[in-house]
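Q: To start, I am sharing the structure in question, which I have written as structure tokens.
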Amino acid sequence: MSQITQLNHFAGNIYLPNTTNQSSVEGAKATAFILKYEPEYLQYILGYELYDLFEDGLLANTTIYKNIRDGVVYTDVWTGRTEKWYGFATVGTNPIANYIYYQLLKNNAQQTTGIGQVNTVAENATRVSPEIPMCSAWNEMVDFNIKLYGFLYANQDIYPSWIGNDYYARSQEFVNLFRKINTFGI
């Protein structure tokens with residue numbers, strides 16, 4: 001699998017400190033999360049069949065799959081307006097990076113020790129909940145996912161194996177990628 005998400009994608013409101021290179025502890029952890037959660041996200045949003053074609057298509061340098069990765073202008077089928085899918089490779093508009101950021105913050109909220117789950121105590125700092133940046137990152141990802149949905153829906157004839165084409169094949173994970181969240185869990 002080719003890795004689309006890079007450490008520099010964690011910028012702006014999904015900034016991860018000390019991750020400029022993979023040799024730092026934080027950079028290595030972020031890279032491990034990319035390797036784990038990028039395929040998961042892509043399989044959820046594309047469905048396994050299109051995910052597999054997408055991976056092979058990128059290796060073969062196929063235009064229709066590069067359009068998903070790099071972005072492309074398309075005509076929205078509902079409004080007739082020209083829209084732009086920015087792709088996964090663009091810094092600041094990569095929904096995969098938002099998904100990974102969310103997972104990383106969720107994982108960092110507690111640590112596992114020999115006595116169970118614990119919260120660390122920071123010296124000269126006050127620990128705050130990661131819920132607000134997690135919700136912000138997730139909700140921004142949902143907005144990007146809606147753009148991707150619009151692009152794939154407008155190009156159903158090019159991507160017939162996309163999971164979004166078949167209402168009954170959609171997984172709960174697929175549906176959840178289009179639901180905004182809040183700190184109240186409602």
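Chains: A, B, ... in order of the structure tokens. Residues: from 1 per chain. Ligands: from 1, in order shown.
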Quick one: pick out all strand (DSSP E) residues within region 42-126 of chain A from a backbone DSSP run and write them as JSON, numbers by chain.

A: {"A": [72, 73, 74, 75, 82, 83, 84, 85, 111, 112, 113, 116, 117, 118]}

Q: Dump as JSON lines the rows for residues of region 35-80 of chain A within 8 Å of region 151-172 of chain A: closest atom pair and distance in Å with one decimal, only C-alpha atoms counted, ordered by chain and rising residue number.

A:
{"residue": "A:Tyr44", "atom": "CA", "partner": "A:Ser171", "partner_atom": "CA", "distance": 7.5}
{"residue": "A:Ile45", "atom": "CA", "partner": "A:Ile163", "partner_atom": "CA", "distance": 7.6}
{"residue": "A:Leu46", "atom": "CA", "partner": "A:Trp162", "partner_atom": "CA", "distance": 5.5}
{"residue": "A:Gly47", "atom": "CA", "partner": "A:Ile163", "partner_atom": "CA", "distance": 4.9}
{"residue": "A:Glu49", "atom": "CA", "partner": "A:Ser161", "partner_atom": "CA", "distance": 6.2}
{"residue": "A:Leu50", "atom": "CA", "partner": "A:Ser161", "partner_atom": "CA", "distance": 5.5}
{"residue": "A:Ile64", "atom": "CA", "partner": "A:Ile158", "partner_atom": "CA", "distance": 7.6}
{"residue": "A:Tyr74", "atom": "CA", "partner": "A:Phe151", "partner_atom": "CA", "distance": 6.4}
{"residue": "A:Thr75", "atom": "CA", "partner": "A:Ala154", "partner_atom": "CA", "distance": 6.9}
{"residue": "A:Asp76", "atom": "CA", "partner": "A:Ala154", "partner_atom": "CA", "distance": 6.2}
{"residue": "A:Val77", "atom": "CA", "partner": "A:Ala154", "partner_atom": "CA", "distance": 5.7}

Q: Residues within 9 Å of Thr19 (chain A), please, as a PyMOL selection string. Count only C-alpha atoms; anything in the same chain fewer than 3 positions from it doesn't count.

A: chain A and resi 7-8+10+16+22-31

Q: Which one is closest to Glu55 (chain A): A:Thr20, A:Val175, A:Gly71, A:Glu38? Count only C-alpha atoms.

A: A:Glu38

Q: Could you name the residues that touch Glu131 (chain A) at 9 Å or less, counting only C-alpha atoms, but leaving out those on the same chain fewer than 2 positions away, as number ranges by chain?

A: A: 105-106, 128-129, 133-136, 182-183

Q: Check chain A with DSSP on the backbone and list each residue it calls helix (DSSP H, G or I), as a ChimeraX atom specification.

A: /A:7-9,12-14,25-46,48-59,63-70,95-108,131-154,163-165,167-169,172-176

Q: Just to be explicit: take each residue in the selection above, keep C-alpha atoms, and write the result as a compact mmCIF listing (two decimals), in the first residue's frame.

A:
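again-v8.txt, freshly written:
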# COMPACT_ATOMS: atom_id res chain seq x y z
CA LEU A 7 3.38 14.08 8.58
CA ASN A 8 3.08 17.58 7.07
CA HIS A 9 -0.67 16.99 6.61
CA GLY A 12 -3.61 24.05 11.08
CA ASN A 13 -6.36 22.90 13.42
CA ILE A 14 -5.06 19.30 13.33
CA VAL A 25 9.01 9.65 19.25
CA GLU A 26 5.92 11.66 18.28
CA GLY A 27 6.73 11.36 14.56
CA ALA A 28 7.13 7.60 14.86
CA LYS A 29 3.82 7.31 16.73
CA ALA A 30 2.02 9.46 14.14
CA THR A 31 3.53 7.35 11.35
CA ALA A 32 2.34 4.17 13.07
CA PHE A 33 -1.17 5.65 13.28
CA ILE A 34 -1.02 6.60 9.58
CA LEU A 35 -0.07 3.04 8.67
CA LYS A 36 -2.93 1.64 10.77
CA TYR A 37 -5.76 4.11 10.18
CA GLU A 38 -5.23 5.23 6.57
CA PRO A 39 -6.21 1.82 5.13
CA GLU A 40 -9.07 1.56 7.63
CA TYR A 41 -10.49 4.94 6.58
CA LEU A 42 -10.11 4.18 2.87
CA GLN A 43 -11.81 0.80 3.22
CA TYR A 44 -14.70 2.38 5.16
CA ILE A 45 -15.25 5.27 2.72
CA LEU A 46 -14.60 3.44 -0.55
CA TYR A 48 -13.05 -2.90 0.11
CA GLU A 49 -13.48 -3.53 -3.61
CA LEU A 50 -12.86 0.08 -4.69
CA TYR A 51 -10.11 0.39 -2.07
CA ASP A 52 -8.30 -2.55 -3.65
CA LEU A 53 -8.76 -1.10 -7.16
CA PHE A 54 -7.63 2.30 -5.87
CA GLU A 55 -4.41 0.88 -4.42
CA ASP A 56 -3.62 -1.07 -7.59
CA GLY A 57 -4.60 1.90 -9.75
CA LEU A 58 -2.21 4.22 -7.91
CA LEU A 59 0.63 1.74 -8.40
CA THR A 63 -5.81 8.61 -13.94
CA ILE A 64 -9.19 7.70 -12.45
CA TYR A 65 -7.52 6.68 -9.19
CA LYS A 66 -5.10 9.59 -9.20
CA ASN A 67 -8.21 11.82 -9.40
CA ILE A 68 -9.41 10.40 -6.08
CA ARG A 69 -5.98 10.90 -4.50
CA ASP A 70 -5.06 14.28 -6.02
CA PRO A 95 -9.98 13.80 5.46
CA ILE A 96 -7.67 10.87 6.19
CA ALA A 97 -5.42 13.18 8.25
CA ASN A 98 -8.45 14.36 10.23
CA TYR A 99 -9.51 10.74 10.85
CA ILE A 100 -6.01 9.83 12.03
CA TYR A 101 -5.79 12.95 14.22
CA TYR A 102 -9.08 11.99 15.87
CA GLN A 103 -7.86 8.43 16.52
CA LEU A 104 -4.52 9.69 17.86
CA LEU A 105 -6.16 12.08 20.33
CA LYS A 106 -8.62 9.38 21.39
CA ASN A 107 -5.70 7.04 22.03
CA ASN A 108 -3.67 9.68 23.90
CA GLU A 131 -12.96 16.37 23.10
CA ILE A 132 -13.22 19.81 21.46
CA PRO A 133 -10.31 19.37 19.01
CA MET A 134 -11.45 15.79 18.39
CA CYS A 135 -14.98 16.96 17.49
CA SER A 136 -13.61 19.78 15.35
CA ALA A 137 -11.33 17.42 13.40
CA TRP A 138 -14.07 14.81 12.97
CA ASN A 139 -16.66 17.37 11.81
CA GLU A 140 -14.23 18.88 9.31
CA MET A 141 -13.56 15.34 8.03
CA VAL A 142 -17.32 14.87 7.56
CA ASP A 143 -17.40 18.01 5.39
CA PHE A 144 -14.54 16.64 3.27
CA ASN A 145 -16.30 13.27 3.07
CA ILE A 146 -19.43 14.95 1.72
CA LYS A 147 -17.33 16.46 -1.08
CA LEU A 148 -15.84 13.04 -1.81
CA TYR A 149 -19.34 11.55 -1.81
CA GLY A 150 -20.46 14.20 -4.32
CA PHE A 151 -17.50 13.45 -6.59
CA LEU A 152 -17.94 9.67 -6.46
CA TYR A 153 -21.72 9.92 -6.87
CA ALA A 154 -21.29 12.17 -9.92
CA ILE A 163 -19.86 1.16 -1.68
CA GLY A 164 -21.96 4.35 -1.78
CA ASN A 165 -23.64 3.16 -4.99
CA TYR A 167 -27.53 1.45 -0.27
CA TYR A 168 -27.73 -2.05 1.24
CA ALA A 169 -23.98 -2.68 1.03
CA GLN A 172 -22.21 1.25 9.69
CA GLU A 173 -18.63 2.55 9.51
CA PHE A 174 -19.41 4.13 6.11
CA VAL A 175 -22.51 5.84 7.51
CA ASN A 176 -20.64 7.07 10.61

Q: Report the distance between CA of Thr5 (chain A) and CA of Ala89 (chain A) in Å, rounded to one decimal place.

A: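 Separation of CA of Thr5 (chain A) and CA of Ala89 (chain A): 6.7 Å.
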